[in-house]
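Enquirer: The structure file work.cif (mmCIF, C-alpha atoms and all ligand atoms; chains and numbers go by the auth columns) is provided below.
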```
data_my_file
#
loop_
_atom_site.group_PDB
_atom_site.id
_atom_site.type_symbol
_atom_site.label_atom_id
_atom_site.label_comp_id
_atom_site.label_asym_id
_atom_site.label_seq_id
_atom_site.Cartn_x
_atom_site.Cartn_y
_atom_site.Cartn_z
_atom_site.B_iso_or_equiv
_atom_site.auth_seq_id
_atom_site.auth_asym_id
ATOM 1 C CA MET A 1 195.334 166.421 204.427 0.00 1 P
ATOM 2 C CA LYS A 2 192.418 164.363 205.591 0.00 2 P
ATOM 3 C CA ALA A 3 192.523 162.854 209.044 0.00 3 P
ATOM 4 C CA PRO A 4 192.989 159.096 208.973 0.00 4 P
ATOM 5 C CA SER A 5 189.846 157.119 209.611 0.00 5 P
ATOM 6 C CA ILE A 6 189.284 155.622 213.032 0.00 6 P
ATOM 7 C CA ALA A 7 189.286 152.159 211.497 0.00 7 P
ATOM 8 C CA LEU A 8 192.691 152.780 209.967 0.00 8 P
ATOM 9 C CA LEU A 9 194.012 154.142 213.250 0.00 9 P
ATOM 10 C CA LEU A 10 192.735 151.117 215.139 0.00 10 P
ATOM 11 C CA GLY A 11 194.210 148.777 212.567 0.00 11 P
ATOM 12 C CA THR A 12 197.562 150.502 212.927 0.00 12 P
ATOM 13 C CA LEU A 13 197.455 150.311 216.700 0.00 13 P
ATOM 14 C CA LEU A 14 196.268 146.719 216.907 0.00 14 P
ATOM 15 C CA LEU A 15 198.365 145.222 214.141 0.00 15 P
ATOM 16 C CA PRO A 16 201.706 147.012 214.222 0.00 16 P
ATOM 17 C CA GLY A 17 203.967 146.026 211.381 0.00 17 P
ATOM 18 C CA LEU A 18 201.377 143.743 209.855 0.00 18 P
ATOM 19 C CA THR A 19 198.565 144.439 207.490 0.00 19 P
ATOM 20 C CA HIS A 20 195.973 147.168 207.586 0.00 20 P
ATOM 21 C CA ALA A 21 193.461 144.989 205.777 0.00 21 P
ATOM 22 C CA THR A 22 190.277 144.274 207.665 0.00 22 P
ATOM 23 C CA SER A 23 188.782 140.813 207.866 0.00 23 P
ATOM 24 C CA ALA A 24 186.123 141.808 205.356 0.00 24 P
ATOM 25 C CA GLU A 25 188.800 142.937 202.909 0.00 25 P
ATOM 26 C CA SER A 26 190.629 139.637 203.340 0.00 26 P
ATOM 27 C CA VAL A 27 187.726 137.239 202.834 0.00 27 P
ATOM 28 C CA ARG A 28 186.436 135.980 199.510 0.00 28 P
ATOM 29 C CA VAL A 29 182.962 134.487 199.561 0.00 29 P
ATOM 30 C CA SER A 30 181.711 131.995 197.001 0.00 30 P
ATOM 31 C CA HIS A 31 178.789 129.576 196.581 0.00 31 P
ATOM 32 C CA ALA A 32 176.567 131.709 198.830 0.00 32 P
ATOM 33 C CA TRP A 33 173.035 130.372 198.991 0.00 33 P
ATOM 34 C CA LEU A 34 170.002 130.085 201.223 0.00 34 P
ATOM 35 C CA ARG A 35 167.861 127.002 201.685 0.00 35 P
ATOM 36 C CA ILE A 36 164.264 128.184 201.781 0.00 36 P
ATOM 37 C CA LEU A 37 161.794 126.001 203.657 0.00 37 P
ATOM 38 C CA PRO A 38 158.023 126.306 203.412 0.00 38 P
ATOM 39 C CA GLY A 39 155.848 128.122 205.893 0.00 39 P
ATOM 40 C CA ALA A 40 157.407 129.634 208.971 0.00 40 P
ATOM 41 C CA LEU A 41 160.363 127.237 209.080 0.00 41 P
ATOM 42 C CA PRO A 42 163.750 128.955 209.318 0.00 42 P
ATOM 43 C CA ALA A 43 165.947 129.416 206.265 0.00 43 P
ATOM 44 C CA ALA A 44 169.601 128.349 206.353 0.00 44 P
ATOM 45 C CA GLY A 45 172.529 130.250 204.871 0.00 45 P
ATOM 46 C CA TYR A 46 175.554 128.512 203.370 0.00 46 P
ATOM 47 C CA ALA A 47 178.764 129.796 201.742 0.00 47 P
ATOM 48 C CA THR A 48 182.460 129.134 201.312 0.00 48 P
ATOM 49 C CA LEU A 49 184.722 131.743 202.922 0.00 49 P
ATOM 50 C CA GLN A 50 188.347 131.994 201.887 0.00 50 P
ATOM 51 C CA ASN A 51 190.875 133.802 204.084 0.00 51 P
ATOM 52 C CA THR A 52 193.547 135.380 201.896 0.00 52 P
ATOM 53 C CA ARG A 53 195.689 136.747 204.690 0.00 53 P
ATOM 54 C CA THR A 54 198.206 135.409 207.152 0.00 54 P
ATOM 55 C CA ARG A 55 196.101 135.900 210.261 0.00 55 P
ATOM 56 C CA SER A 56 193.086 133.874 211.261 0.00 56 P
ATOM 57 C CA ILE A 57 189.694 135.515 210.854 0.00 57 P
ATOM 58 C CA ALA A 58 186.525 134.986 212.856 0.00 58 P
ATOM 59 C CA LEU A 59 183.078 135.237 211.305 0.00 59 P
ATOM 60 C CA THR A 60 180.623 136.345 213.990 0.00 60 P
ATOM 61 C CA GLY A 61 177.411 136.064 211.970 0.00 61 P
ATOM 62 C CA ALA A 62 175.356 138.217 209.657 0.00 62 P
ATOM 63 C CA ARG A 63 172.535 140.685 209.564 0.00 63 P
ATOM 64 C CA SER A 64 169.966 141.374 206.904 0.00 64 P
ATOM 65 C CA THR A 65 167.116 143.686 206.100 0.00 65 P
ATOM 66 C CA THR A 66 165.268 140.657 204.680 0.00 66 P
ATOM 67 C CA TYR A 67 165.343 138.598 207.897 0.00 67 P
ATOM 68 C CA ALA A 68 164.828 140.206 211.289 0.00 68 P
ATOM 69 C CA ASN A 69 166.801 137.483 213.050 0.00 69 P
ATOM 70 C CA VAL A 70 170.030 135.867 211.822 0.00 70 P
ATOM 71 C CA MET A 71 172.033 133.500 214.003 0.00 71 P
ATOM 72 C CA LEU A 72 175.279 131.613 213.593 0.00 72 P
ATOM 73 C CA HIS A 73 174.724 127.919 214.314 0.00 73 P
ATOM 74 C CA ARG A 74 176.767 124.783 214.315 0.00 74 P
ATOM 75 C CA SER A 75 175.450 121.278 213.767 0.00 75 P
ATOM 76 C CA SER A 76 177.167 118.335 215.357 0.00 76 P
ATOM 77 C CA GLY A 77 176.556 114.644 215.425 0.00 77 P
ATOM 78 C CA ALA A 78 175.317 112.664 212.473 0.00 78 P
ATOM 79 C CA GLY A 79 172.112 111.396 210.993 0.00 79 P
ATOM 80 C CA GLY A 80 169.172 111.185 213.383 0.00 80 P
ATOM 81 C CA THR A 81 171.173 112.504 216.334 0.00 81 P
ATOM 82 C CA ASN A 82 172.007 115.786 214.606 0.00 82 P
ATOM 83 C CA ARG A 83 171.949 118.722 216.996 0.00 83 P
ATOM 84 C CA MET A 84 172.453 122.435 216.564 0.00 84 P
ATOM 85 C CA SER A 85 173.731 125.053 218.894 0.00 85 P
ATOM 86 C CA MET A 86 174.373 128.765 218.638 0.00 86 P
ATOM 87 C CA VAL A 87 178.033 129.700 218.415 0.00 87 P
ATOM 88 C CA ASP A 88 179.816 133.037 218.727 0.00 88 P
ATOM 89 C CA ILE A 89 182.273 132.607 215.876 0.00 89 P
ATOM 90 C CA MET A 90 183.308 130.465 212.947 0.00 90 P
ATOM 91 C CA PRO A 91 187.105 130.562 212.578 0.00 91 P
ATOM 92 C CA ILE A 92 188.539 130.910 209.072 0.00 92 P
ATOM 93 C CA PRO A 93 192.117 129.615 209.180 0.00 93 P
ATOM 94 C CA THR A 94 195.115 131.489 207.851 0.00 94 P
ATOM 95 C CA ARG A 95 195.189 131.245 204.050 0.00 95 P
ATOM 96 C CA GLY A 96 192.502 128.598 204.259 0.00 96 P
ATOM 97 C CA THR A 97 188.784 128.227 203.848 0.00 97 P
ATOM 98 C CA ALA A 98 185.843 127.581 206.125 0.00 98 P
ATOM 99 C CA GLN A 99 182.407 126.544 205.053 0.00 99 P
ATOM 100 C CA LEU A 100 178.930 127.363 206.106 0.00 100 P
ATOM 101 C CA ALA A 101 177.504 124.045 204.937 0.00 101 P
ATOM 102 C CA PRO A 102 174.743 121.537 205.627 0.00 102 P
ATOM 103 C CA GLY A 103 175.722 119.490 208.689 0.00 103 P
ATOM 104 C CA GLY A 104 178.199 122.061 209.992 0.00 104 P
ATOM 105 C CA TYR A 105 178.326 125.780 210.599 0.00 105 P
ATOM 106 C CA HIS A 106 175.424 127.662 209.057 0.00 106 P
ATOM 107 C CA LEU A 107 173.400 130.810 209.366 0.00 107 P
ATOM 108 C CA MET A 108 169.841 130.431 210.562 0.00 108 P
ATOM 109 C CA LEU A 109 167.424 133.087 209.366 0.00 109 P
ATOM 110 C CA THR A 110 163.957 133.728 210.748 0.00 110 P
ATOM 111 C CA GLN A 111 161.277 136.399 210.690 0.00 111 P
ATOM 112 C CA PRO A 112 161.441 137.369 206.997 0.00 112 P
ATOM 113 C CA THR A 113 160.253 140.902 206.342 0.00 113 P
ATOM 114 C CA HIS A 114 158.773 139.773 203.028 0.00 114 P
ATOM 115 C CA PRO A 115 158.261 136.371 201.376 0.00 115 P
ATOM 116 C CA VAL A 116 161.466 134.875 199.950 0.00 116 P
ATOM 117 C CA THR A 117 161.155 132.338 197.142 0.00 117 P
ATOM 118 C CA PRO A 118 163.735 130.221 195.290 0.00 118 P
ATOM 119 C CA GLY A 119 165.597 132.293 192.722 0.00 119 P
ATOM 120 C CA ASP A 120 165.526 135.455 194.823 0.00 120 P
ATOM 121 C CA HIS A 121 168.771 137.238 195.582 0.00 121 P
ATOM 122 C CA VAL A 122 169.036 138.094 199.269 0.00 122 P
ATOM 123 C CA LEU A 123 171.599 140.538 200.617 0.00 123 P
ATOM 124 C CA LEU A 124 173.257 139.503 203.863 0.00 124 P
ATOM 125 C CA THR A 125 175.906 141.560 205.626 0.00 125 P
ATOM 126 C CA LEU A 126 178.505 139.196 207.058 0.00 126 P
ATOM 127 C CA THR A 127 180.089 140.419 210.289 0.00 127 P
ATOM 128 C CA PHE A 128 183.567 139.709 211.604 0.00 128 P
ATOM 129 C CA ALA A 129 185.215 139.855 215.010 0.00 129 P
ATOM 130 C CA ASP A 130 187.240 142.941 214.069 0.00 130 P
ATOM 131 C CA GLY A 131 184.010 144.846 213.409 0.00 131 P
ATOM 132 C CA SER A 132 184.307 144.845 209.627 0.00 132 P
ATOM 133 C CA THR A 133 181.358 143.816 207.477 0.00 133 P
ATOM 134 C CA LEU A 134 180.959 142.299 204.030 0.00 134 P
ATOM 135 C CA ASP A 135 177.805 142.643 201.935 0.00 135 P
ATOM 136 C CA THR A 136 177.154 139.338 200.184 0.00 136 P
ATOM 137 C CA THR A 137 174.392 138.237 197.849 0.00 137 P
ATOM 138 C CA PHE A 138 172.941 134.828 198.659 0.00 138 P
ATOM 139 C CA ILE A 139 170.794 133.061 196.093 0.00 139 P
ATOM 140 C CA ALA A 140 167.618 131.501 197.452 0.00 140 P
ATOM 141 C CA ARG A 141 167.286 127.802 196.657 0.00 141 P
ATOM 142 C CA PRO A 142 164.491 125.299 197.252 0.00 142 P
ATOM 143 C CA ALA A 143 164.272 122.980 200.246 0.00 143 P
ATOM 144 C CA ASN A 144 165.765 120.010 198.382 0.00 144 P
ATOM 145 C CA ALA A 145 168.837 121.918 197.119 0.00 145 P
ATOM 146 C CA THR A 146 172.253 120.766 198.286 0.00 146 P
ATOM 147 C CA ASP A 147 174.376 123.552 196.806 0.00 147 P
ATOM 148 C CA ALA A 148 174.242 127.009 195.259 0.00 148 P
ATOM 149 C CA GLY A 149 173.217 125.516 191.926 0.00 149 P
ATOM 150 C CA GLU A 150 176.015 127.215 190.021 0.00 150 P
ATOM 151 C CA PRO A 151 177.002 125.319 186.869 0.00 151 P
ATOM 152 C CA ALA A 152 180.656 126.350 187.230 0.00 152 P
ATOM 153 C CA GLN A 153 181.064 124.737 190.637 0.00 153 P
ATOM 154 C CA PRO A 154 183.678 121.975 190.356 0.00 154 P
ATOM 155 C CA ALA A 155 182.398 118.581 191.429 0.00 155 P
ATOM 156 C CA SER A 156 185.513 117.935 193.489 0.00 156 P
ATOM 157 C CA ASP A 157 185.199 121.199 195.399 0.00 157 P
ATOM 158 C CA THR A 158 182.996 119.891 198.160 0.00 158 P
ATOM 159 C CA PRO A 159 181.799 116.347 198.610 0.00 159 P
ATOM 160 C CA ALA A 160 178.037 116.286 198.748 0.00 160 P
ATOM 161 C CA PRO A 161 176.717 115.296 202.156 0.00 161 P
ATOM 162 C CA ALA A 162 175.650 111.676 202.265 0.00 162 P
ATOM 163 C CA MET A 163 172.310 112.750 203.633 0.00 163 P
ATOM 164 C CA PRO A 164 171.286 116.381 203.225 0.00 164 P
ATOM 165 C CA VAL A 165 170.178 117.770 206.549 0.00 165 P
ATOM 166 C CA ALA A 166 166.852 119.524 206.386 0.00 166 P
ATOM 167 C CA HIS A 167 166.889 122.672 208.445 0.00 167 P
ATOM 168 C CA ASP A 168 163.633 121.832 210.171 0.00 168 P
ATOM 169 C CA ASP A 169 162.642 123.402 213.419 0.00 169 P
ATOM 170 C CA ALA A 170 163.054 120.150 215.343 0.00 170 P
ATOM 171 C CA HIS A 171 166.769 120.897 215.291 0.00 171 P
ATOM 172 C CA HIS A 172 166.242 124.116 217.155 0.00 172 P
ATOM 173 C CA ARG A 173 164.469 122.865 220.232 0.00 173 P
ATOM 174 C CA GLY A 174 166.360 122.658 223.459 0.00 174 P
HETATM 175 CU CU CU B . 170.427 125.908 212.717 0.00 201 P
#
```
Once more with this new file: its structure as structure tokens, please.

Expert:
Amino acid sequence: MKAPSIALLLGTLLLPGLTHATSAESVRVSHAWLRILPGALPAAGYATLQNTRTRSIALTGARSTTYANVMLHRSSGAGGTNRMSMVDIMPIPTRGTAQLAPGGYHLMLTQPTHPVTPGDHVLLTLTFADGSTLDTTFIARPANATDAGEPAQPASDTPAPAMPVAHDDAHHRG
């Protein structure tokens, strides 16, 4: 008989009587896309994350072999006063969804290891507070995109932002 994995052991110790599923196993990602800006401006990563389990989940960020630096950010304020700050987690509520979306939580990606252009598929590894990880393909979209560009996306799913927020570097000063 094989020894149980350390992850399974930890799950058993930390969550007695509950589920052994990791955060990564309990999250479904959809509408994952990157907004690609010209030049050296940072790219932004957006997605919808659905929590299928009965415990809250915390996204801690992502890593990628395509971008040397990936940060979890949150925008606050509105219009011209929009500000961003780095955050440690994005909570995904029990049996609910959370969005990485323009004007809210998002991933900020800098230092690409090779040029990324709209239409490219970029692999990001999402990371969660319990240490689990989830490989996710993000589709690269142009600077003026406001969604993943998937034809099947229902119009009522997410209201389009009144004014799409460009992820320009002015938002990252201070
Ligand atoms: Cu940002």

Enquirer: Just want the 6 Å neighbourhood of Ile36 of chain P, counted on all atoms listed in the file, with same-chain residues fewer than 2 positions away dropped. Output as a short mmCIF file (atom, residue, chain, number, x, y, z; two decimals) with C-alpha atoms, in the coordinates of the input.

Expert:
```
data_model
loop_
_atom_site.label_atom_id
_atom_site.label_comp_id
_atom_site.auth_asym_id
_atom_site.auth_seq_id
_atom_site.Cartn_x
_atom_site.Cartn_y
_atom_site.Cartn_z
CA ALA P 43 165.95 129.42 206.26
CA ARG P 141 167.29 127.80 196.66
CA PRO P 142 164.49 125.30 197.25
CA ALA P 143 164.27 122.98 200.25
#
```

Enquirer: Counting only C-alpha atoms and all ligand atoms, name the residues that have an atom within 8 Å of an atom of ligand CU 201 (chain P); the answer should be given as a list in words.

Expert: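 The residues within 8 Å of ligand CU 201 (chain P), counting only C-alpha atoms and all ligand atoms, are Ala44, Met71, Leu72, His73, Arg74, Ser75, Met84, Ser85, Met86, His106, Leu107, Met108, His167, His171 and His172 of chain P.
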
Enquirer: Tell me which residues the PyMOL selection byres (((chain P and resi 124) around 10) and not hetatm) grabs here, as a PyMOL selection string.

Expert: chain P and resi 32+45+61-67+70+121-123+125-127+133-138

Enquirer: Can you translate the PyMOL selection byres (((chain P and resi 42) around 6) and not hetatm) into the concrete residues it hits in this file, as a list in words?

Expert: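 What the PyMOL selection byres (((chain P and resi 42) around 6) and not hetatm) grabs from the file is Leu41, Ala43, Leu109 and Thr110 of chain P.
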
Enquirer: Enter the distance from atom CA of Arg95 of chain P to atom CA of Trp33 of chain P, in Å, rounded to one decimal.

Expert: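 These atoms are spaced 22.7 Å apart.
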
Enquirer: Given the file shown, enumerate the residues that the PyMOL selection byres (((chain P and resi 29) around 9) and not hetatm) captures and present them as number ranges by chain.

Expert: P: 27-28, 30-32, 47-50, 136

Enquirer: Using Å and a single decimal, report how far atom CA of Val116 of chain P sits from atom CA of Ile92 of chain P.

Expert: 28.8 Å

Enquirer: Work out how far apart atom CA of Asn144 of chain P and atom CA of Gly119 of chain P are and give it in Å to one decimal.

Expert: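 For atom CA of Asn144 of chain P relative to atom CA of Gly119 of chain P, the distance reads 13.5 Å.
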
Enquirer: Quick one: axis-aligned box around all listed atoms of segment 41-58 of chain P, 8 Å on every side, centre and edge lengths in Å to one decimal, written as AutoDock Vina command-line options.

Expert:
```
--center_x 179.3 --center_y 132.0 --center_z 207.1 --size_x 53.8 --size_y 25.5 --size_z 27.5
```

Enquirer: Quick one: segment 42-67 of chain P with N, CA and C atoms, as a PDB file, keeping the file's coordinate frame?

Expert:
```pdb
ATOM      1  N   PRO P  42     162.612 128.059 209.549  1.00  0.00           N
ATOM      2  CA  PRO P  42     163.750 128.955 209.318  1.00  0.00           C
ATOM      3  C   PRO P  42     164.486 128.614 208.024  1.00  0.00           C
ATOM      4  N   ALA P  43     165.062 129.634 207.408  1.00  0.00           N
ATOM      5  CA  ALA P  43     165.947 129.416 206.265  1.00  0.00           C
ATOM      6  C   ALA P  43     167.361 129.207 206.796  1.00  0.00           C
ATOM      7  N   ALA P  44     168.203 128.558 205.982  1.00  0.00           N
ATOM      8  CA  ALA P  44     169.601 128.349 206.353  1.00  0.00           C
ATOM      9  C   ALA P  44     170.495 128.991 205.304  1.00  0.00           C
ATOM     10  N   GLY P  45     171.594 129.584 205.766  1.00  0.00           N
ATOM     11  CA  GLY P  45     172.529 130.250 204.871  1.00  0.00           C
ATOM     12  C   GLY P  45     173.851 129.510 204.817  1.00  0.00           C
ATOM     13  N   TYR P  46     174.325 129.263 203.589  1.00  0.00           N
ATOM     14  CA  TYR P  46     175.554 128.512 203.370  1.00  0.00           C
ATOM     15  C   TYR P  46     176.485 129.288 202.432  1.00  0.00           C
ATOM     16  N   ALA P  47     177.796 129.133 202.619  1.00  0.00           N
ATOM     17  CA  ALA P  47     178.764 129.796 201.742  1.00  0.00           C
ATOM     18  C   ALA P  47     180.149 129.239 202.037  1.00  0.00           C
ATOM     19  N   THR P  48     181.052 129.441 201.102  1.00  0.00           N
ATOM     20  CA  THR P  48     182.460 129.134 201.312  1.00  0.00           C
ATOM     21  C   THR P  48     183.207 130.443 201.521  1.00  0.00           C
ATOM     22  N   LEU P  49     183.980 130.528 202.611  1.00  0.00           N
ATOM     23  CA  LEU P  49     184.722 131.743 202.922  1.00  0.00           C
ATOM     24  C   LEU P  49     186.213 131.444 202.886  1.00  0.00           C
ATOM     25  N   GLN P  50     186.910 132.179 202.041  1.00  0.00           N
ATOM     26  CA  GLN P  50     188.347 131.994 201.887  1.00  0.00           C
ATOM     27  C   GLN P  50     189.088 133.150 202.545  1.00  0.00           C
ATOM     28  N   ASN P  51     190.045 132.815 203.386  1.00  0.00           N
ATOM     29  CA  ASN P  51     190.875 133.802 204.084  1.00  0.00           C
ATOM     30  C   ASN P  51     192.175 133.971 203.301  1.00  0.00           C
ATOM     31  N   THR P  52     192.374 135.157 202.747  1.00  0.00           N
ATOM     32  CA  THR P  52     193.547 135.380 201.896  1.00  0.00           C
ATOM     33  C   THR P  52     194.733 135.940 202.667  1.00  0.00           C
ATOM     34  N   ARG P  53     194.588 136.111 203.973  1.00  0.00           N
ATOM     35  CA  ARG P  53     195.689 136.747 204.690  1.00  0.00           C
ATOM     36  C   ARG P  53     196.360 135.782 205.657  1.00  0.00           C
ATOM     37  N   THR P  54     197.371 136.266 206.319  1.00  0.00           N
ATOM     38  CA  THR P  54     198.206 135.409 207.152  1.00  0.00           C
ATOM     39  C   THR P  54     197.827 135.478 208.623  1.00  0.00           C
ATOM     40  N   ARG P  55     196.631 135.946 208.896  1.00  0.00           N
ATOM     41  CA  ARG P  55     196.101 135.900 210.261  1.00  0.00           C
ATOM     42  C   ARG P  55     194.738 135.227 210.216  1.00  0.00           C
ATOM     43  N   SER P  56     194.393 134.515 211.263  1.00  0.00           N
ATOM     44  CA  SER P  56     193.086 133.874 211.261  1.00  0.00           C
ATOM     45  C   SER P  56     191.999 134.940 211.389  1.00  0.00           C
ATOM     46  N   ILE P  57     190.829 134.602 210.886  1.00  0.00           N
ATOM     47  CA  ILE P  57     189.694 135.515 210.854  1.00  0.00           C
ATOM     48  C   ILE P  57     188.531 134.811 211.525  1.00  0.00           C
ATOM     49  N   ALA P  58     187.697 135.580 212.211  1.00  0.00           N
ATOM     50  CA  ALA P  58     186.525 134.986 212.856  1.00  0.00           C
ATOM     51  C   ALA P  58     185.249 135.628 212.322  1.00  0.00           C
ATOM     52  N   LEU P  59     184.419 134.799 211.695  1.00  0.00           N
ATOM     53  CA  LEU P  59     183.078 135.237 211.305  1.00  0.00           C
ATOM     54  C   LEU P  59     182.199 135.219 212.549  1.00  0.00           C
ATOM     55  N   THR P  60     181.483 136.309 212.802  1.00  0.00           N
ATOM     56  CA  THR P  60     180.623 136.345 213.990  1.00  0.00           C
ATOM     57  C   THR P  60     179.147 136.190 213.639  1.00  0.00           C
ATOM     58  N   GLY P  61     178.805 136.235 212.356  1.00  0.00           N
ATOM     59  CA  GLY P  61     177.411 136.064 211.970  1.00  0.00           C
ATOM     60  C   GLY P  61     177.066 136.951 210.796  1.00  0.00           C
ATOM     61  N   ALA P  62     175.815 137.379 210.754  1.00  0.00           N
ATOM     62  CA  ALA P  62     175.356 138.217 209.657  1.00  0.00           C
ATOM     63  C   ALA P  62     174.119 138.977 210.099  1.00  0.00           C
ATOM     64  N   ARG P  63     173.818 140.011 209.378  1.00  0.00           N
ATOM     65  CA  ARG P  63     172.535 140.685 209.564  1.00  0.00           C
ATOM     66  C   ARG P  63     171.946 140.955 208.185  1.00  0.00           C
ATOM     67  N   SER P  64     170.656 141.230 208.179  1.00  0.00           N
ATOM     68  CA  SER P  64     169.966 141.374 206.904  1.00  0.00           C
ATOM     69  C   SER P  64     168.739 142.230 207.085  1.00  0.00           C
ATOM     70  N   THR P  65     168.382 142.971 206.041  1.00  0.00           N
ATOM     71  CA  THR P  65     167.116 143.686 206.100  1.00  0.00           C
ATOM     72  C   THR P  65     165.971 142.764 205.677  1.00  0.00           C
ATOM     73  N   THR P  66     166.301 141.594 205.133  1.00  0.00           N
ATOM     74  CA  THR P  66     165.268 140.657 204.680  1.00  0.00           C
ATOM     75  C   THR P  66     164.803 139.737 205.804  1.00  0.00           C
ATOM     76  N   TYR P  67     165.703 139.438 206.750  1.00  0.00           N
ATOM     77  CA  TYR P  67     165.343 138.598 207.897  1.00  0.00           C
ATOM     78  C   TYR P  67     165.650 139.365 209.181  1.00  0.00           C
TER      79      TYR P  67
END
```
